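Just model00.cif here, mmCIF, N, CA and C atoms:
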data_coords
#
loop_
_atom_site.label_atom_id
_atom_site.label_comp_id
_atom_site.auth_asym_id
_atom_site.auth_seq_id
_atom_site.Cartn_x
_atom_site.Cartn_y
_atom_site.Cartn_z
N MET A 1 -2.50 -3.56 -7.62
CA MET A 1 -3.83 -4.09 -7.43
C MET A 1 -4.83 -2.94 -7.57
N LYS A 2 -5.90 -3.19 -8.29
CA LYS A 2 -6.90 -2.15 -8.52
C LYS A 2 -7.83 -2.06 -7.32
N ALA A 3 -8.52 -0.92 -7.22
CA ALA A 3 -9.41 -0.68 -6.09
C ALA A 3 -10.53 -1.72 -6.04
N GLY A 4 -11.03 -2.14 -7.19
CA GLY A 4 -12.07 -3.15 -7.23
C GLY A 4 -11.61 -4.48 -6.63
N GLU A 5 -10.37 -4.83 -6.91
CA GLU A 5 -9.81 -6.06 -6.35
C GLU A 5 -9.61 -5.92 -4.86
N LEU A 6 -9.23 -4.73 -4.41
CA LEU A 6 -9.03 -4.49 -2.98
C LEU A 6 -10.34 -4.56 -2.22
N ARG A 7 -11.43 -4.13 -2.84
CA ARG A 7 -12.74 -4.15 -2.18
C ARG A 7 -13.21 -5.57 -1.89
N GLU A 8 -12.69 -6.54 -2.62
CA GLU A 8 -13.06 -7.94 -2.41
C GLU A 8 -12.35 -8.55 -1.20
N LEU A 9 -11.29 -7.92 -0.72
CA LEU A 9 -10.54 -8.44 0.42
C LEU A 9 -11.23 -8.07 1.73
N SER A 10 -10.97 -8.87 2.76
CA SER A 10 -11.53 -8.58 4.08
C SER A 10 -10.72 -7.47 4.75
N GLY A 11 -11.24 -6.96 5.85
CA GLY A 11 -10.55 -5.90 6.58
C GLY A 11 -9.19 -6.33 7.09
N ASP A 12 -9.11 -7.57 7.60
CA ASP A 12 -7.83 -8.08 8.11
C ASP A 12 -6.81 -8.22 6.99
N GLU A 13 -7.26 -8.67 5.83
CA GLU A 13 -6.36 -8.81 4.69
C GLU A 13 -5.86 -7.45 4.23
N LEU A 14 -6.73 -6.45 4.28
CA LEU A 14 -6.32 -5.10 3.88
C LEU A 14 -5.30 -4.52 4.86
N VAL A 15 -5.51 -4.77 6.14
CA VAL A 15 -4.55 -4.29 7.15
C VAL A 15 -3.19 -4.95 6.93
N ALA A 16 -3.20 -6.25 6.66
CA ALA A 16 -1.94 -6.97 6.41
C ALA A 16 -1.26 -6.44 5.15
N LYS A 17 -2.05 -6.18 4.11
CA LYS A 17 -1.49 -5.65 2.86
C LYS A 17 -0.88 -4.27 3.09
N ARG A 18 -1.56 -3.44 3.88
CA ARG A 18 -1.05 -2.10 4.20
C ARG A 18 0.29 -2.19 4.93
N ARG A 19 0.38 -3.13 5.87
CA ARG A 19 1.62 -3.31 6.63
C ARG A 19 2.74 -3.76 5.70
N ASP A 20 2.45 -4.72 4.82
CA ASP A 20 3.47 -5.23 3.89
C ASP A 20 3.94 -4.13 2.94
N LEU A 21 3.00 -3.34 2.43
CA LEU A 21 3.37 -2.25 1.53
C LEU A 21 4.21 -1.20 2.25
N GLY A 22 3.88 -0.93 3.50
CA GLY A 22 4.66 0.03 4.28
C GLY A 22 6.09 -0.43 4.47
N LEU A 23 6.26 -1.72 4.77
CA LEU A 23 7.62 -2.26 4.92
C LEU A 23 8.38 -2.22 3.60
N GLU A 24 7.69 -2.54 2.52
CA GLU A 24 8.32 -2.49 1.21
C GLU A 24 8.74 -1.07 0.85
N LEU A 25 7.88 -0.10 1.16
CA LEU A 25 8.22 1.30 0.90
C LEU A 25 9.43 1.73 1.72
N PHE A 26 9.49 1.29 2.97
CA PHE A 26 10.64 1.61 3.81
C PHE A 26 11.92 1.06 3.18
N ASN A 27 11.88 -0.19 2.72
CA ASN A 27 13.06 -0.80 2.10
C ASN A 27 13.47 -0.06 0.83
N VAL A 28 12.49 0.38 0.06
CA VAL A 28 12.78 1.13 -1.17
C VAL A 28 13.45 2.46 -0.82
N LYS A 29 12.97 3.12 0.22
CA LYS A 29 13.57 4.39 0.62
C LYS A 29 15.00 4.21 1.09
N VAL A 30 15.27 3.12 1.81
CA VAL A 30 16.63 2.85 2.26
C VAL A 30 17.53 2.59 1.05
N LYS A 31 17.05 1.78 0.11
CA LYS A 31 17.85 1.50 -1.09
C LYS A 31 18.10 2.76 -1.90
N ARG A 32 17.09 3.63 -1.97
CA ARG A 32 17.26 4.87 -2.73
C ARG A 32 18.31 5.75 -2.07
N SER A 33 18.31 5.81 -0.74
CA SER A 33 19.26 6.68 -0.05
C SER A 33 20.69 6.15 -0.15
N THR A 34 20.84 4.84 -0.31
CA THR A 34 22.19 4.28 -0.44
C THR A 34 22.62 4.15 -1.89
N GLY A 35 21.75 4.52 -2.83
CA GLY A 35 22.10 4.49 -4.24
C GLY A 35 21.96 3.13 -4.88
N GLN A 36 21.28 2.19 -4.25
CA GLN A 36 21.15 0.84 -4.79
C GLN A 36 19.87 0.66 -5.60
N LEU A 37 18.98 1.64 -5.60
CA LEU A 37 17.69 1.51 -6.26
C LEU A 37 17.82 1.90 -7.73
N GLU A 38 17.40 0.99 -8.61
CA GLU A 38 17.45 1.27 -10.04
C GLU A 38 16.13 1.86 -10.54
N ASN A 39 15.02 1.36 -10.03
CA ASN A 39 13.70 1.82 -10.46
C ASN A 39 13.19 2.88 -9.48
N THR A 40 13.46 4.13 -9.78
CA THR A 40 13.11 5.20 -8.85
C THR A 40 11.61 5.47 -8.80
N ALA A 41 10.85 5.00 -9.77
CA ALA A 41 9.40 5.19 -9.78
C ALA A 41 8.69 4.23 -8.83
N LEU A 42 9.41 3.26 -8.31
CA LEU A 42 8.80 2.25 -7.44
C LEU A 42 8.23 2.87 -6.16
N ALA A 43 8.92 3.85 -5.59
CA ALA A 43 8.43 4.49 -4.37
C ALA A 43 7.10 5.18 -4.62
N ARG A 44 6.97 5.83 -5.74
CA ARG A 44 5.71 6.51 -6.07
C ARG A 44 4.57 5.51 -6.24
N LYS A 45 4.86 4.40 -6.92
CA LYS A 45 3.84 3.37 -7.12
C LYS A 45 3.39 2.79 -5.78
N LEU A 46 4.33 2.57 -4.88
CA LEU A 46 3.99 2.03 -3.56
C LEU A 46 3.15 3.01 -2.75
N ARG A 47 3.51 4.29 -2.80
CA ARG A 47 2.72 5.29 -2.07
C ARG A 47 1.29 5.33 -2.57
N ARG A 48 1.11 5.23 -3.87
CA ARG A 48 -0.24 5.25 -4.44
C ARG A 48 -1.01 3.99 -4.08
N GLU A 49 -0.33 2.86 -4.06
CA GLU A 49 -0.99 1.61 -3.68
C GLU A 49 -1.42 1.65 -2.21
N ILE A 50 -0.57 2.23 -1.36
CA ILE A 50 -0.93 2.39 0.05
C ILE A 50 -2.16 3.28 0.18
N ALA A 51 -2.21 4.34 -0.59
CA ALA A 51 -3.37 5.24 -0.56
C ALA A 51 -4.64 4.52 -0.99
N ARG A 52 -4.53 3.65 -2.00
CA ARG A 52 -5.69 2.87 -2.44
C ARG A 52 -6.19 1.95 -1.33
N VAL A 53 -5.26 1.26 -0.68
CA VAL A 53 -5.62 0.34 0.40
C VAL A 53 -6.29 1.10 1.53
N GLU A 54 -5.72 2.24 1.91
CA GLU A 54 -6.29 3.03 3.01
C GLU A 54 -7.67 3.58 2.64
N SER A 55 -7.87 3.93 1.39
CA SER A 55 -9.19 4.42 0.95
C SER A 55 -10.24 3.33 1.08
N VAL A 56 -9.90 2.13 0.65
CA VAL A 56 -10.85 1.01 0.74
C VAL A 56 -11.12 0.67 2.21
N LEU A 57 -10.09 0.74 3.04
CA LEU A 57 -10.29 0.50 4.47
C LEU A 57 -11.26 1.51 5.07
N ARG A 58 -11.10 2.78 4.70
CA ARG A 58 -12.02 3.81 5.20
C ARG A 58 -13.44 3.56 4.71
N GLU A 59 -13.58 3.11 3.47
CA GLU A 59 -14.91 2.78 2.95
C GLU A 59 -15.55 1.67 3.76
N LYS A 60 -14.77 0.65 4.07
CA LYS A 60 -15.30 -0.49 4.83
C LYS A 60 -15.66 -0.07 6.25
N LEU A 61 -14.85 0.78 6.86
CA LEU A 61 -15.15 1.25 8.22
C LEU A 61 -16.41 2.09 8.23
N GLY A 62 -16.59 2.92 7.23
CA GLY A 62 -17.78 3.75 7.15
C GLY A 62 -19.03 2.93 6.92
N ALA A 63 -18.91 1.87 6.14
CA ALA A 63 -20.07 1.02 5.83
C ALA A 63 -20.46 0.16 7.02
N SER A 64 -19.50 -0.17 7.88
CA SER A 64 -19.80 -1.05 9.01
C SER A 64 -20.44 -0.30 10.18
N GLN A 65 -20.39 1.01 10.17
CA GLN A 65 -20.94 1.77 11.30
C GLN A 65 -22.38 2.12 11.10
#

Let's see the structure in the file written out as structure tokens.
Amino acid sequence: MKAGELRELSGDELVAKRRDLGLELFNVKVKRSTGQLENTALARKLRREIARVESVLREKLGASQ
């Protein structure tokens, strides 16, 4: 999801998305450690997506104050 699309979401939706991405990243790390992960670039993509979500959340928090 692009940053522009994330900016359209509400704060609660962003928090939920961050939680879901965190759980997905955890599962990817477990699969990677057990050798079951085929797409090793997935962890990197998830980390970057989490960073995008957190950046938009910080923008929204700064704008609301």

Would you pick out the contacts of segment 17-20 of chain A at 8 Å or less, using only C-alpha atoms, so that residues sharing its chain but fewer than 3 positions from it are not included, and give the list as number ranges by chain? A: 13-14, 23-24, 50, 53-54

How far is it from atom CA of Leu6 of chain A to atom N of Ala63 of chain A, in Å with one decimal?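 Taking atom CA of Leu6 of chain A as the start and atom N of Ala63 of chain A as the end point, the length is 14.9 Å.
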
List as a CSV table (one decimal) with N, CA and C atoms, keeping the file's coordinate frame the protein and nucleic acid residues near Ser55 of chain A, meaning an atom at most 12 Å away when only C-alpha atoms are counted, but skip any in the same chain fewer than 4 places from it.
chain,number,residue,atom,x,y,z
A,2,LYS,N,-5.9,-3.2,-8.3
A,2,LYS,CA,-6.9,-2.2,-8.5
A,2,LYS,C,-7.8,-2.1,-7.3
A,3,ALA,N,-8.5,-0.9,-7.2
A,3,ALA,CA,-9.4,-0.7,-6.1
A,3,ALA,C,-10.5,-1.7,-6.0
A,4,GLY,N,-11.0,-2.1,-7.2
A,4,GLY,CA,-12.1,-3.2,-7.2
A,4,GLY,C,-11.6,-4.5,-6.6
A,6,LEU,N,-9.2,-4.7,-4.4
A,6,LEU,CA,-9.0,-4.5,-3.0
A,6,LEU,C,-10.3,-4.6,-2.2
A,7,ARG,N,-11.4,-4.1,-2.8
A,7,ARG,CA,-12.7,-4.2,-2.2
A,7,ARG,C,-13.2,-5.6,-1.9
A,11,GLY,N,-11.2,-7.0,5.8
A,11,GLY,CA,-10.6,-5.9,6.6
A,11,GLY,C,-9.2,-6.3,7.1
A,14,LEU,N,-6.7,-6.4,4.3
A,14,LEU,CA,-6.3,-5.1,3.9
A,14,LEU,C,-5.3,-4.5,4.9
A,15,VAL,N,-5.5,-4.8,6.1
A,15,VAL,CA,-4.6,-4.3,7.2
A,15,VAL,C,-3.2,-5.0,6.9
A,18,ARG,N,-1.6,-3.4,3.9
A,18,ARG,CA,-1.0,-2.1,4.2
A,18,ARG,C,0.3,-2.2,4.9
A,48,ARG,N,1.1,5.2,-3.9
A,48,ARG,CA,-0.2,5.2,-4.4
A,48,ARG,C,-1.0,4.0,-4.1
A,49,GLU,N,-0.3,2.9,-4.1
A,49,GLU,CA,-1.0,1.6,-3.7
A,49,GLU,C,-1.4,1.6,-2.2
A,50,ILE,N,-0.6,2.2,-1.4
A,50,ILE,CA,-0.9,2.4,0.0
A,50,ILE,C,-2.2,3.3,0.2
A,51,ALA,N,-2.2,4.3,-0.6
A,51,ALA,CA,-3.4,5.2,-0.6
A,51,ALA,C,-4.6,4.5,-1.0
A,59,GLU,N,-13.6,3.1,3.5
A,59,GLU,CA,-14.9,2.8,3.0
A,59,GLU,C,-15.6,1.7,3.8
A,60,LYS,N,-14.8,0.6,4.1
A,60,LYS,CA,-15.3,-0.5,4.8
A,60,LYS,C,-15.7,-0.1,6.2
A,61,LEU,N,-14.8,0.8,6.9
A,61,LEU,CA,-15.2,1.2,8.2
A,61,LEU,C,-16.4,2.1,8.2
A,62,GLY,N,-16.6,2.9,7.2
A,62,GLY,CA,-17.8,3.8,7.2
A,62,GLY,C,-19.0,2.9,6.9

DSSP-assigned alpha helix (DSSP H) members of chain A, reported as a compact mmCIF listing (two decimals) with N, CA and C atoms, in the coordinates of the input:
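The file below, states25.txt, is the result:
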# COMPACT_ATOMS: atom_id res chain seq x y z
N ALA A 3 -8.52 -0.92 -7.22
CA ALA A 3 -9.41 -0.68 -6.09
C ALA A 3 -10.53 -1.72 -6.04
N GLY A 4 -11.03 -2.14 -7.19
CA GLY A 4 -12.07 -3.15 -7.23
C GLY A 4 -11.61 -4.48 -6.63
N GLU A 5 -10.37 -4.83 -6.91
CA GLU A 5 -9.81 -6.06 -6.35
C GLU A 5 -9.61 -5.92 -4.86
N LEU A 6 -9.23 -4.73 -4.41
CA LEU A 6 -9.03 -4.49 -2.98
C LEU A 6 -10.34 -4.56 -2.22
N ARG A 7 -11.43 -4.13 -2.84
CA ARG A 7 -12.74 -4.15 -2.18
C ARG A 7 -13.21 -5.57 -1.89
N GLY A 11 -11.24 -6.96 5.85
CA GLY A 11 -10.55 -5.90 6.58
C GLY A 11 -9.19 -6.33 7.09
N ASP A 12 -9.11 -7.57 7.60
CA ASP A 12 -7.83 -8.08 8.11
C ASP A 12 -6.81 -8.22 6.99
N GLU A 13 -7.26 -8.67 5.83
CA GLU A 13 -6.36 -8.81 4.69
C GLU A 13 -5.86 -7.45 4.23
N LEU A 14 -6.73 -6.45 4.28
CA LEU A 14 -6.32 -5.10 3.88
C LEU A 14 -5.30 -4.52 4.86
N VAL A 15 -5.51 -4.77 6.14
CA VAL A 15 -4.55 -4.29 7.15
C VAL A 15 -3.19 -4.95 6.93
N ALA A 16 -3.20 -6.25 6.66
CA ALA A 16 -1.94 -6.97 6.41
C ALA A 16 -1.26 -6.44 5.15
N LYS A 17 -2.05 -6.18 4.11
CA LYS A 17 -1.49 -5.65 2.86
C LYS A 17 -0.88 -4.27 3.09
N ARG A 18 -1.56 -3.44 3.88
CA ARG A 18 -1.05 -2.10 4.20
C ARG A 18 0.29 -2.19 4.93
N ARG A 19 0.38 -3.13 5.87
CA ARG A 19 1.62 -3.31 6.63
C ARG A 19 2.74 -3.76 5.70
N ASP A 20 2.45 -4.72 4.82
CA ASP A 20 3.47 -5.23 3.89
C ASP A 20 3.94 -4.13 2.94
N LEU A 21 3.00 -3.34 2.43
CA LEU A 21 3.37 -2.25 1.53
C LEU A 21 4.21 -1.20 2.25
N GLY A 22 3.88 -0.93 3.50
CA GLY A 22 4.66 0.03 4.28
C GLY A 22 6.09 -0.43 4.47
N LEU A 23 6.26 -1.72 4.77
CA LEU A 23 7.62 -2.26 4.92
C LEU A 23 8.38 -2.22 3.60
N GLU A 24 7.69 -2.54 2.52
CA GLU A 24 8.32 -2.49 1.21
C GLU A 24 8.74 -1.07 0.85
N LEU A 25 7.88 -0.10 1.16
CA LEU A 25 8.22 1.30 0.90
C LEU A 25 9.43 1.73 1.72
N PHE A 26 9.49 1.29 2.97
CA PHE A 26 10.64 1.61 3.81
C PHE A 26 11.92 1.06 3.18
N ASN A 27 11.88 -0.19 2.72
CA ASN A 27 13.06 -0.80 2.10
C ASN A 27 13.47 -0.06 0.83
N VAL A 28 12.49 0.38 0.06
CA VAL A 28 12.78 1.13 -1.17
C VAL A 28 13.45 2.46 -0.82
N LYS A 29 12.97 3.12 0.22
CA LYS A 29 13.57 4.39 0.62
C LYS A 29 15.00 4.21 1.09
N VAL A 30 15.27 3.12 1.81
CA VAL A 30 16.63 2.85 2.26
C VAL A 30 17.53 2.59 1.05
N LYS A 31 17.05 1.78 0.11
CA LYS A 31 17.85 1.50 -1.09
C LYS A 31 18.10 2.76 -1.90
N ARG A 32 17.09 3.63 -1.97
CA ARG A 32 17.26 4.87 -2.73
C ARG A 32 18.31 5.75 -2.07
N SER A 33 18.31 5.81 -0.74
CA SER A 33 19.26 6.68 -0.05
C SER A 33 20.69 6.15 -0.15
N THR A 34 20.84 4.84 -0.31
CA THR A 34 22.19 4.28 -0.44
C THR A 34 22.62 4.15 -1.89
N LEU A 42 9.41 3.26 -8.31
CA LEU A 42 8.80 2.25 -7.44
C LEU A 42 8.23 2.87 -6.16
N ALA A 43 8.92 3.85 -5.59
CA ALA A 43 8.43 4.49 -4.37
C ALA A 43 7.10 5.18 -4.62
N ARG A 44 6.97 5.83 -5.74
CA ARG A 44 5.71 6.51 -6.07
C ARG A 44 4.57 5.51 -6.24
N LYS A 45 4.86 4.40 -6.92
CA LYS A 45 3.84 3.37 -7.12
C LYS A 45 3.39 2.79 -5.78
N LEU A 46 4.33 2.57 -4.88
CA LEU A 46 3.99 2.03 -3.56
C LEU A 46 3.15 3.01 -2.75
N ARG A 47 3.51 4.29 -2.80
CA ARG A 47 2.72 5.29 -2.07
C ARG A 47 1.29 5.33 -2.57
N ARG A 48 1.11 5.23 -3.87
CA ARG A 48 -0.24 5.25 -4.44
C ARG A 48 -1.01 3.99 -4.08
N GLU A 49 -0.33 2.86 -4.06
CA GLU A 49 -0.99 1.61 -3.68
C GLU A 49 -1.42 1.65 -2.21
N ILE A 50 -0.57 2.23 -1.36
CA ILE A 50 -0.93 2.39 0.05
C ILE A 50 -2.16 3.28 0.18
N ALA A 51 -2.21 4.34 -0.59
CA ALA A 51 -3.37 5.24 -0.56
C ALA A 51 -4.64 4.52 -0.99
N ARG A 52 -4.53 3.65 -2.00
CA ARG A 52 -5.69 2.87 -2.44
C ARG A 52 -6.19 1.95 -1.33
N VAL A 53 -5.26 1.26 -0.68
CA VAL A 53 -5.62 0.34 0.40
C VAL A 53 -6.29 1.10 1.53
N GLU A 54 -5.72 2.24 1.91
CA GLU A 54 -6.29 3.03 3.01
C GLU A 54 -7.67 3.58 2.64
N SER A 55 -7.87 3.93 1.39
CA SER A 55 -9.19 4.42 0.95
C SER A 55 -10.24 3.33 1.08
N VAL A 56 -9.90 2.13 0.65
CA VAL A 56 -10.85 1.01 0.74
C VAL A 56 -11.12 0.67 2.21
N LEU A 57 -10.09 0.74 3.04
CA LEU A 57 -10.29 0.50 4.47
C LEU A 57 -11.26 1.51 5.07
N ARG A 58 -11.10 2.78 4.70
CA ARG A 58 -12.02 3.81 5.20
C ARG A 58 -13.44 3.56 4.71
N GLU A 59 -13.58 3.11 3.47
CA GLU A 59 -14.91 2.78 2.95
C GLU A 59 -15.55 1.67 3.76
N LYS A 60 -14.77 0.65 4.07
CA LYS A 60 -15.30 -0.49 4.83
C LYS A 60 -15.66 -0.07 6.25
N LEU A 61 -14.85 0.78 6.86
CA LEU A 61 -15.15 1.25 8.22
C LEU A 61 -16.41 2.09 8.23
N GLY A 62 -16.59 2.92 7.23
CA GLY A 62 -17.78 3.75 7.15
C GLY A 62 -19.03 2.93 6.92
N ALA A 63 -18.91 1.87 6.14
CA ALA A 63 -20.07 1.02 5.83
C ALA A 63 -20.46 0.16 7.02
N SER A 64 -19.50 -0.17 7.88
CA SER A 64 -19.80 -1.05 9.01
C SER A 64 -20.44 -0.30 10.18

Å distance separating atom CA of Arg32 of chain A from atom CA of Arg47 of chain A, one decimal place: 14.6 Å

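As for atom C of Leu37 of chain A and atom N of Glu5 of chain A, they are spaced 29.0 Å apart.
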